[in-house]
$ cat run_31.txt   # compact mmCIF, C-alpha atoms
# COMPACT_ATOMS: atom_id res chain seq x y z
CA MET A 1 4.89 5.74 21.16
CA ASP A 2 4.63 7.63 17.90
CA LYS A 3 6.94 5.99 15.36
CA GLY A 4 7.55 9.29 13.60
CA VAL A 5 8.96 10.81 16.81
CA LEU A 6 11.03 7.66 17.39
CA ALA A 7 12.42 7.73 13.83
CA THR A 8 13.43 11.40 14.23
CA ALA A 9 15.17 10.64 17.54
CA LEU A 10 17.08 7.82 15.82
CA GLY A 11 18.25 10.22 13.10
CA SER A 12 16.20 8.63 10.31
CA PRO A 13 13.11 10.81 9.91
CA ALA A 14 10.68 9.76 7.22
CA PRO A 15 10.84 12.47 4.51
CA PHE A 16 7.41 11.79 3.14
CA GLY A 17 3.79 12.49 3.79
CA GLN A 18 0.61 13.38 1.98
CA SER A 19 0.79 16.74 0.25
CA GLN A 20 -1.39 19.49 1.65
CA PHE A 21 -2.98 19.93 -1.78
CA ALA A 22 -3.99 16.25 -1.93
CA PHE A 23 -5.25 16.41 1.66
CA MET A 24 -7.39 19.49 0.97
CA ARG A 25 -8.69 18.04 -2.29
CA GLY A 26 -9.70 14.81 -0.54
CA ASN A 27 -11.48 16.68 2.24
CA ALA A 28 -13.32 18.90 -0.25
CA PHE A 29 -14.50 15.89 -2.26
CA GLU A 30 -15.66 14.05 0.86
CA ALA A 31 -17.59 17.14 2.00
CA LYS A 32 -19.28 17.30 -1.42
CA VAL A 33 -20.30 13.64 -1.23
CA LYS A 34 -21.75 14.04 2.27
CA ALA A 35 -23.47 17.39 1.68
CA ASP A 36 -27.21 17.78 2.34
CA GLY A 37 -27.25 15.02 4.93
CA GLY A 38 -25.46 12.58 2.64
CA ALA A 39 -28.23 12.65 0.03
CA GLU A 40 -25.86 11.99 -2.89
CA LEU A 41 -24.02 9.28 -0.98
CA LEU A 42 -27.27 7.49 -0.10
CA ARG A 43 -28.46 7.80 -3.70
CA LEU A 44 -25.28 6.15 -4.99
CA LEU A 45 -25.53 3.42 -2.39
CA TYR A 46 -29.17 2.72 -3.18
CA GLU A 47 -28.38 2.46 -6.90
CA ARG A 48 -25.59 -0.07 -6.31
CA LEU A 49 -26.68 -1.91 -3.16
CA GLY A 50 -30.26 -0.92 -2.45
CA GLY A 51 -31.79 -4.34 -2.88
CA GLY A 52 -35.55 -4.48 -2.29
CA ALA A 53 -35.59 -1.77 0.38
CA PRO A 54 -37.41 1.52 -0.23
CA ALA A 55 -35.26 4.37 -1.46
CA PRO A 56 -33.74 6.48 1.33
CA ALA A 57 -35.62 9.74 1.76
CA GLY A 58 -34.42 12.96 3.30
CA ASP A 59 -35.30 11.67 6.76
CA ALA A 60 -32.41 9.17 6.94
CA ALA A 61 -31.05 9.12 10.47
CA ALA A 62 -27.70 10.76 11.16
CA PRO A 63 -26.86 9.98 14.79
CA ASP A 64 -24.47 12.13 16.78
CA LEU A 65 -21.30 10.12 17.47
CA SER A 66 -19.40 12.63 19.56
CA ALA A 67 -17.90 11.39 22.83
CA ALA A 68 -14.77 11.78 24.93
CA GLY A 69 -11.75 9.94 23.59
CA PRO A 70 -11.55 7.08 21.08
CA GLU A 71 -12.87 4.53 23.56
CA GLY A 72 -15.92 6.67 24.27
CA ARG A 73 -16.53 7.29 20.59
CA ALA A 74 -16.30 3.56 19.86
CA ALA A 75 -18.89 2.84 22.55
CA ARG A 76 -21.14 5.60 21.21
CA THR A 77 -20.82 4.20 17.67
CA ALA A 78 -21.78 0.69 18.83
CA LEU A 79 -24.85 2.10 20.56
CA ALA A 80 -25.85 4.10 17.46
CA LEU A 81 -25.51 1.01 15.27
CA ARG A 82 -27.78 -0.99 17.58
CA GLU A 83 -30.37 1.78 17.73
CA ALA A 84 -30.38 2.29 13.96
CA THR A 85 -30.75 -1.45 13.35
CA ALA A 86 -33.66 -1.68 15.79
CA ALA A 87 -35.36 1.33 14.14
CA GLY A 88 -35.51 -0.50 10.80
CA GLY A 89 -34.71 2.50 8.60
CA TRP A 90 -31.83 4.08 6.72
CA ALA A 91 -29.07 5.62 8.84
CA LEU A 92 -25.80 7.27 7.89
CA LEU A 93 -22.97 7.20 10.43
CA ASP A 94 -20.40 9.84 9.52
CA HIS A 95 -16.87 8.93 10.63
CA PRO A 96 -17.82 6.30 13.21
CA MET A 97 -15.17 4.96 15.56
CA LEU A 98 -14.57 1.20 15.56
CA ALA A 99 -12.34 -0.94 17.78
CA LEU A 100 -10.39 -4.01 16.69
CA GLU A 101 -8.01 -6.12 18.72
CA VAL A 102 -4.56 -6.25 17.14
CA ALA A 103 -1.92 -8.41 18.82
CA GLY A 104 -3.79 -8.23 22.11
CA SER A 105 -4.28 -4.45 22.17
CA PRO A 106 -7.22 -2.36 20.94
CA ALA A 107 -6.75 -0.42 17.71
CA TYR A 108 -9.24 2.32 16.89
CA LEU A 109 -10.38 2.74 13.30
CA GLU A 110 -12.37 5.49 11.63
CA PRO A 111 -14.02 4.67 8.29
CA ASP A 112 -15.42 7.47 6.14
CA ALA A 113 -18.98 6.27 6.69
CA VAL A 114 -21.15 3.28 7.56
CA VAL A 115 -24.71 2.99 6.26
CA VAL A 116 -27.37 0.95 8.05
CA HIS A 117 -30.01 -0.54 5.71
CA PRO A 118 -33.66 -1.09 6.70
CA ASP A 119 -33.05 -4.86 6.67
CA GLY A 120 -30.28 -4.57 9.27
CA ARG A 121 -27.36 -4.78 6.84
CA TRP A 122 -24.34 -2.55 7.51
CA THR A 123 -22.29 -1.28 4.56
CA VAL A 124 -18.84 0.32 4.76
CA VAL A 125 -18.34 3.37 2.53
CA GLU A 126 -14.86 4.42 1.41
CA ILE A 127 -14.46 7.85 -0.20
CA LYS A 128 -11.27 8.32 -2.22
CA SER A 129 -10.03 11.23 -4.31
CA PHE A 130 -8.48 9.16 -7.12
CA PRO A 131 -10.66 9.19 -10.26
CA MET A 132 -12.76 6.51 -11.91
CA ILE A 133 -12.24 6.95 -15.64
CA ASP A 134 -14.80 5.16 -17.79
CA ALA A 135 -16.06 3.40 -14.64
CA SER A 136 -12.59 2.00 -13.94
CA ALA A 137 -9.95 3.11 -11.42
CA ASP A 138 -6.29 2.30 -10.85
CA ALA A 139 -6.14 -1.36 -9.80
CA SER A 140 -3.44 -0.86 -7.15
CA LYS A 141 -5.38 1.98 -5.50
CA VAL A 142 -8.62 0.01 -5.55
CA GLY A 143 -6.78 -2.94 -4.00
CA ALA A 144 -5.42 -0.75 -1.22
CA ALA A 145 -8.91 0.65 -0.57
CA ALA A 146 -10.32 -2.89 -0.47
CA ARG A 147 -7.74 -3.99 2.12
CA GLN A 148 -8.51 -0.94 4.21
CA ALA A 149 -12.26 -1.57 4.02
CA ALA A 150 -11.76 -5.23 4.94
CA VAL A 151 -10.30 -4.14 8.30
CA TYR A 152 -13.40 -2.00 8.92
CA VAL A 153 -15.62 -4.97 8.07
CA LEU A 154 -13.81 -7.13 10.63
CA ALA A 155 -14.24 -4.44 13.28
CA LEU A 156 -17.95 -4.07 12.47
CA GLU A 157 -18.47 -7.82 12.75
CA ARG A 158 -17.52 -7.65 16.44
CA VAL A 159 -20.39 -5.22 17.05
CA ALA A 160 -22.81 -7.08 14.78
CA ALA A 161 -22.19 -10.31 16.71
CA VAL A 162 -23.90 -8.77 19.75
CA THR A 163 -26.59 -6.85 17.82
CA GLU A 164 -29.85 -8.63 17.07
CA GLY A 165 -30.80 -8.59 13.37
CA ALA A 166 -27.50 -7.04 12.23
CA GLU A 167 -25.37 -8.30 9.36
CA VAL A 168 -22.19 -6.77 7.95
CA GLY A 169 -22.09 -6.63 4.16
CA HIS A 170 -18.93 -7.92 2.49
CA ARG A 171 -19.54 -5.64 -0.49
CA VAL A 172 -18.36 -2.10 0.24
CA LEU A 173 -19.14 1.09 -1.64
CA LEU A 174 -16.16 2.89 -3.14
CA VAL A 175 -16.94 6.51 -4.04
CA CYS A 176 -14.55 8.43 -6.33
CA PRO A 177 -14.60 11.44 -8.68
CA LYS A 178 -16.06 10.63 -12.09
CA ASP A 179 -13.61 10.91 -14.99
CA PHE A 180 -11.84 14.29 -14.73
CA SER A 181 -14.61 16.08 -12.86
CA ASN A 182 -15.39 16.52 -9.19
CA LEU A 183 -18.74 14.73 -9.52
CA PRO A 184 -19.01 11.58 -7.40
CA THR A 185 -19.54 8.13 -8.83
CA ALA A 186 -19.43 4.77 -7.10
CA SER A 187 -18.46 1.16 -7.54
CA VAL A 188 -19.08 -1.95 -5.46
CA VAL A 189 -16.02 -3.85 -4.25
CA ASP A 190 -16.26 -7.36 -2.81
CA VAL A 191 -13.77 -7.61 0.08
CA ARG A 192 -14.33 -11.22 1.16
CA LYS A 193 -10.87 -12.28 -0.01
CA GLN A 194 -9.14 -9.31 1.66
CA ARG A 195 -11.16 -9.93 4.83
CA ALA A 196 -10.06 -13.57 4.98
CA VAL A 197 -6.41 -12.66 4.44
CA THR A 198 -6.50 -9.90 7.05
CA ARG A 199 -8.23 -12.12 9.58
CA ARG A 200 -5.62 -14.83 9.11
CA GLN A 201 -2.80 -12.32 9.47
CA LEU A 202 -4.30 -10.90 12.66
CA THR A 203 -4.47 -14.34 14.25
CA ARG A 204 -0.80 -14.93 13.47
CA LEU A 205 0.46 -11.67 14.98
CA THR A 206 2.62 -11.96 18.06
CA ARG A 207 0.95 -10.39 21.07
CA ILE A 208 2.53 -7.21 22.39
CA GLU A 209 2.84 -8.80 25.84
CA ASP A 210 4.90 -11.65 24.36
CA ILE A 211 7.18 -9.21 22.53
CA ALA A 212 7.64 -7.12 25.68
CA ALA A 213 8.45 -10.23 27.72
CA GLU A 214 11.42 -11.02 25.45
CA LEU A 215 12.94 -7.54 25.74
CA PRO A 216 15.88 -7.00 28.08
CA GLU A 217 14.86 -5.65 31.46
CA GLY A 218 14.87 -1.88 31.58
CA THR A 219 14.37 -1.42 27.82
CA THR A 220 12.80 1.92 27.03
CA PHE A 221 11.78 3.70 23.84
CA ASP A 222 11.85 7.17 25.33
CA PRO A 223 13.05 9.62 22.60
CA ALA A 224 14.88 11.55 25.32
CA CYS A 225 17.32 8.67 25.76
CA ALA A 226 20.82 8.75 24.29
CA PRO A 227 20.85 7.74 20.59
CA GLU A 228 22.98 4.66 21.33
CA GLU A 229 20.57 3.46 24.03
CA LEU A 230 17.54 4.13 21.83
CA ASP A 231 19.14 2.33 18.88
CA ALA A 232 19.86 -0.71 21.06
CA ALA A 233 16.26 -0.72 22.31
CA VAL A 234 14.86 -0.66 18.77
CA ALA A 235 17.31 -3.36 17.68
CA ALA A 236 15.92 -5.62 20.43
CA VAL A 237 12.72 -5.94 18.38
CA PRO A 238 13.64 -7.85 15.19
CA PRO A 239 12.48 -5.87 12.13
CA ALA A 240 10.71 -7.37 9.13
CA TYR A 241 11.72 -4.76 6.55
CA ALA A 242 10.54 -4.79 2.95
CA PRO A 243 10.49 -1.94 0.38
CA GLU A 244 6.71 -1.75 0.78
CA CYS A 245 7.29 -0.42 4.32
CA LEU A 246 8.48 2.90 2.87
CA ALA A 247 4.91 3.83 2.01
CA ALA A 248 3.41 3.06 5.40
CA CYS A 249 5.87 3.11 8.30
CA GLU A 250 7.80 6.06 9.73
CA LEU A 251 10.59 3.72 10.90
CA ALA A 252 11.09 2.25 7.41
CA PHE A 253 14.19 4.33 6.62
CA HIS A 254 15.85 3.28 9.86
CA CYS A 255 15.06 -0.40 9.22
CA ARG A 256 16.21 -0.11 5.60
CA ALA A 257 19.60 1.25 6.68
CA LYS A 258 20.01 -1.64 9.11
CA SER A 259 18.89 -4.17 6.51
CA ARG A 260 21.35 -2.82 3.95
CA ALA A 261 24.18 -2.78 6.47
CA GLU A 262 23.53 -6.45 7.22
CA GLY A 263 23.24 -7.30 3.52
CA ALA A 264 19.80 -8.85 4.03
CA VAL A 265 18.03 -9.89 0.83
CA GLU A 266 14.73 -8.57 2.24
CA ALA A 267 15.94 -5.11 1.19
CA LEU A 268 15.44 -6.24 -2.42
CA GLY A 269 11.75 -7.08 -1.89
CA ARG A 270 9.59 -9.92 -0.66
CA GLY A 271 9.43 -11.43 -4.15
CA VAL A 272 13.23 -11.73 -4.36
CA ARG A 273 13.36 -13.06 -0.80
CA GLY A 274 10.86 -15.75 -1.68
CA GLU A 275 12.84 -16.86 -4.74
CA LEU A 276 16.14 -17.18 -2.88
CA GLY A 277 15.03 -19.86 -0.43
CA GLY A 278 17.64 -20.44 2.29
CA LEU A 279 20.00 -17.71 1.05
CA THR A 280 19.43 -14.78 3.39
CA THR A 281 22.29 -12.37 2.60
CA VAL A 282 23.45 -10.65 -0.57
CA ALA A 283 27.00 -11.86 0.11
CA GLY A 284 25.74 -15.43 0.34
CA VAL A 285 23.85 -15.08 -2.94
CA LEU A 286 26.95 -13.77 -4.74
CA ALA A 287 29.11 -16.53 -3.25
CA ALA A 288 26.62 -19.17 -4.36
CA ALA A 289 26.50 -17.70 -7.88
CA ALA A 290 30.30 -17.73 -8.07
CA GLY A 291 30.44 -21.38 -6.99
CA LYS A 292 32.20 -20.62 -3.71
CA GLU A 293 29.35 -21.66 -1.44
CA GLY A 294 26.08 -23.52 -1.60
CA ASP A 295 24.91 -27.00 -2.49
CA PRO A 296 24.95 -27.54 -6.30
CA ALA A 297 21.90 -29.78 -5.89
CA ASP A 298 19.90 -26.86 -4.50
CA PRO A 299 17.67 -25.54 -7.33
CA THR A 300 18.20 -21.94 -6.19
CA VAL A 301 22.00 -22.31 -6.20
CA ALA A 302 21.88 -24.06 -9.60
CA ALA A 303 19.76 -21.27 -11.06
CA LEU A 304 22.12 -18.60 -9.70
CA ARG A 305 25.16 -20.33 -11.17
CA ARG A 306 23.45 -20.72 -14.51
CA ALA A 307 22.54 -17.03 -14.50
CA ALA A 308 26.14 -16.10 -13.60
CA ALA A 309 27.46 -18.28 -16.45
CA LEU A 310 25.11 -16.65 -18.94
CA ARG A 311 26.15 -13.19 -17.74
CA ALA A 312 29.85 -14.04 -18.06
CA GLU A 313 29.24 -15.42 -21.56
CA ALA A 314 27.41 -12.27 -22.62
CA LEU A 315 30.18 -10.02 -21.26
CA GLU A 316 32.83 -12.13 -23.01
CA SER A 317 31.01 -11.89 -26.33
CA ALA A 318 30.67 -8.11 -25.95
CA ALA A 319 34.39 -7.78 -25.18
CA ALA A 320 35.28 -9.90 -28.23
CA LEU A 321 33.15 -7.69 -30.48
CA ARG A 322 34.86 -4.57 -29.16
CA ALA A 323 38.29 -6.14 -29.66
CA GLY A 324 37.39 -7.18 -33.20
CA GLY A 325 36.33 -3.64 -34.07
CA GLY A 326 39.62 -2.21 -32.81
CA ALA A 327 41.65 -4.78 -34.78
CA TRP A 328 39.80 -3.89 -37.99
CA GLU A 329 40.60 -0.18 -37.55
CA ALA A 330 44.29 -0.96 -36.88
CA ALA A 331 44.51 -3.09 -40.06
CA SER A 332 43.24 -0.31 -42.39
CA PRO A 333 45.81 0.64 -45.15
CA PRO A 334 47.64 3.99 -44.94
CA GLY A 335 45.53 6.75 -46.25
CA GLY A 336 42.51 4.63 -45.73
CA GLY A 337 41.11 7.24 -43.43
CA ALA A 338 41.47 9.88 -46.15
CA ASP A 339 39.93 7.56 -48.73
CA ARG A 340 37.07 6.83 -46.41
CA GLY A 341 36.71 10.53 -45.77
CA ALA A 342 36.60 11.25 -49.49
CA SER A 343 34.18 8.44 -50.05
CA GLY A 344 32.08 9.67 -47.19
CA ALA A 345 32.18 13.20 -48.59
CA GLY A 346 31.16 11.89 -51.98
CA GLY A 347 28.37 9.93 -50.43
CA ALA A 348 27.22 13.02 -48.64
CA ALA A 349 27.32 15.00 -51.87
CA ASP A 350 25.37 12.29 -53.65
CA ALA A 351 22.81 12.42 -50.92
CA VAL A 352 22.13 16.11 -51.52
CA PRO A 353 19.39 16.54 -54.12
CA GLY A 354 20.81 18.07 -57.31
CA ALA A 355 24.46 17.58 -56.27
CA SER A 356 26.94 16.53 -59.02
CA GLU A 357 30.69 16.10 -59.45
CA GLY A 358 31.12 19.76 -60.39
CA ALA A 359 29.04 21.02 -57.50
CA GLY A 360 30.76 23.28 -55.03
CA PRO A 361 30.79 22.76 -51.31
CA CYS A 362 27.50 22.93 -49.54
CA ARG A 363 27.11 26.30 -47.83

$ encode --input "run_31.txt" --output "structure tokens"
Amino acid sequence: MDKGVLATALGSPAPFGQSQFAFMRGNAFEAKVKADGGAELLRLLYERLGGGAPAPAGDAAAPDLSAAGPEGRAARTALALREATAAGGWALLDHPMLALEVAGSPAYLEPDAVVVHPDGRWTVVEIKSFPMIDASADASKVGAAARQAAVYVLALERVAAVTEGAEVGHRVLLVCPKDFSNLPTASVVDVRKQRAVTRRQLTRLTRIEDIAAELPEGTTFDPACAPEELDAAVAAVPPAYAPECLAACELAFHCRAKSRAEGAVEALGRGVRGELGGLTTVAGVLAAAAGKEGDPADPTVAALRRAAALRAEALESAAALRAGGGAWEAASPPGGGADRGASGAGGAADAVPGASEGAGPCR
């Protein structure tokens, strides 16, 4: 089931998506990098990760990966990887199809490219349209690219495990535009940490069969159902909403509305949720800060009450300052306003270069 269709049927369509301009720019840059049989891409890879192998010439293999359906393409990719490894030369696989088991079901992945080295090493290539300025790119975007590449590495390792002489490199090649031009440059990113984190997360995912077994009998996610029935079906699967979901999941707006309605602290972010310990609702947090609920010995409750006391103290001081200012104005002698006005006018006159007591009004 497409989550975008489901979100629209629930009345919470995701009003976001990649702009057509960004999409076209990314495609144009990728085509430039892969032009002439990937000569520029192979040159960049050899400069950064060539090792002791001979430089790739114009005869680098480019196997045809076309097949029927994602499953067929994944099988064709696995065969091409084995053949290229056995040949002992350079090979460039353009948009291969990889399979990875996620929660008991196959997920099909399509990296930008995979390069097979003469020594049997496989390198993932990620081509992005964000720039590298002075050989440095935005850290958050590089991190996202590294996490994405780590998933491809895990999928490749499944094929390499049954391919003699194959080894998946944990250093991927990130290709981006150089400075403010459209010329490609590259950087090597080590994804061992991201790979370990992703692998651990995959092992902890609940299998789809187990989730389906806990659903009420007859549950369906058919968008043609009545909105109330569809909403109840989605509610049967507990959400794990966080603000980060807005950038990746079409159902994020629906889950956010539910999270806000329930007053869940997850709506404020995973960092806030982690700091609040056993307090799971906004109402509970406010009650604990006000001293109405919560164990005073709990460090989280104590910190909230201290923060509330400091806030009340600051507001009290600000109110006292405002009250003091009003009392001073009320205590001014009669005519004081005129005197102050005259003094202010005199000060203004003194501030004008060349002004004197006999000077006329400024025009």

$ atom_distance --input "run_31.txt" --atom1 "CA of Tyr152 in chain A" --atom2 "CA of Pro56 in chain A"
23.3 Å

$ closest_residue --input "run_31.txt" --among "A:Ala247, A:Asp119, A:Ala242, A:Ala314" --to "Val272 in chain A" --atoms "all atoms listed in the file"
A:Ala242

$ atom_distance --input "run_31.txt" --atom1 "CA of Glu83 in chain A" --atom2 "CA of His95 in chain A"
16.8 Å

$ axis_aligned_box --input "run_31.txt" --around "range 53-71 of chain A" --padding-each-side "8 Å" --output "AutoDock Vina command-line options"
--center_x -24.5 --center_y 5.6 --center_z 11.7 --size_x 41.9 --size_y 30.7 --size_z 42.4

$ atom_distance --input "run_31.txt" --atom1 "CA of Glu167 in chain A" --atom2 "CA of Tyr46 in chain A"
17.1 Å
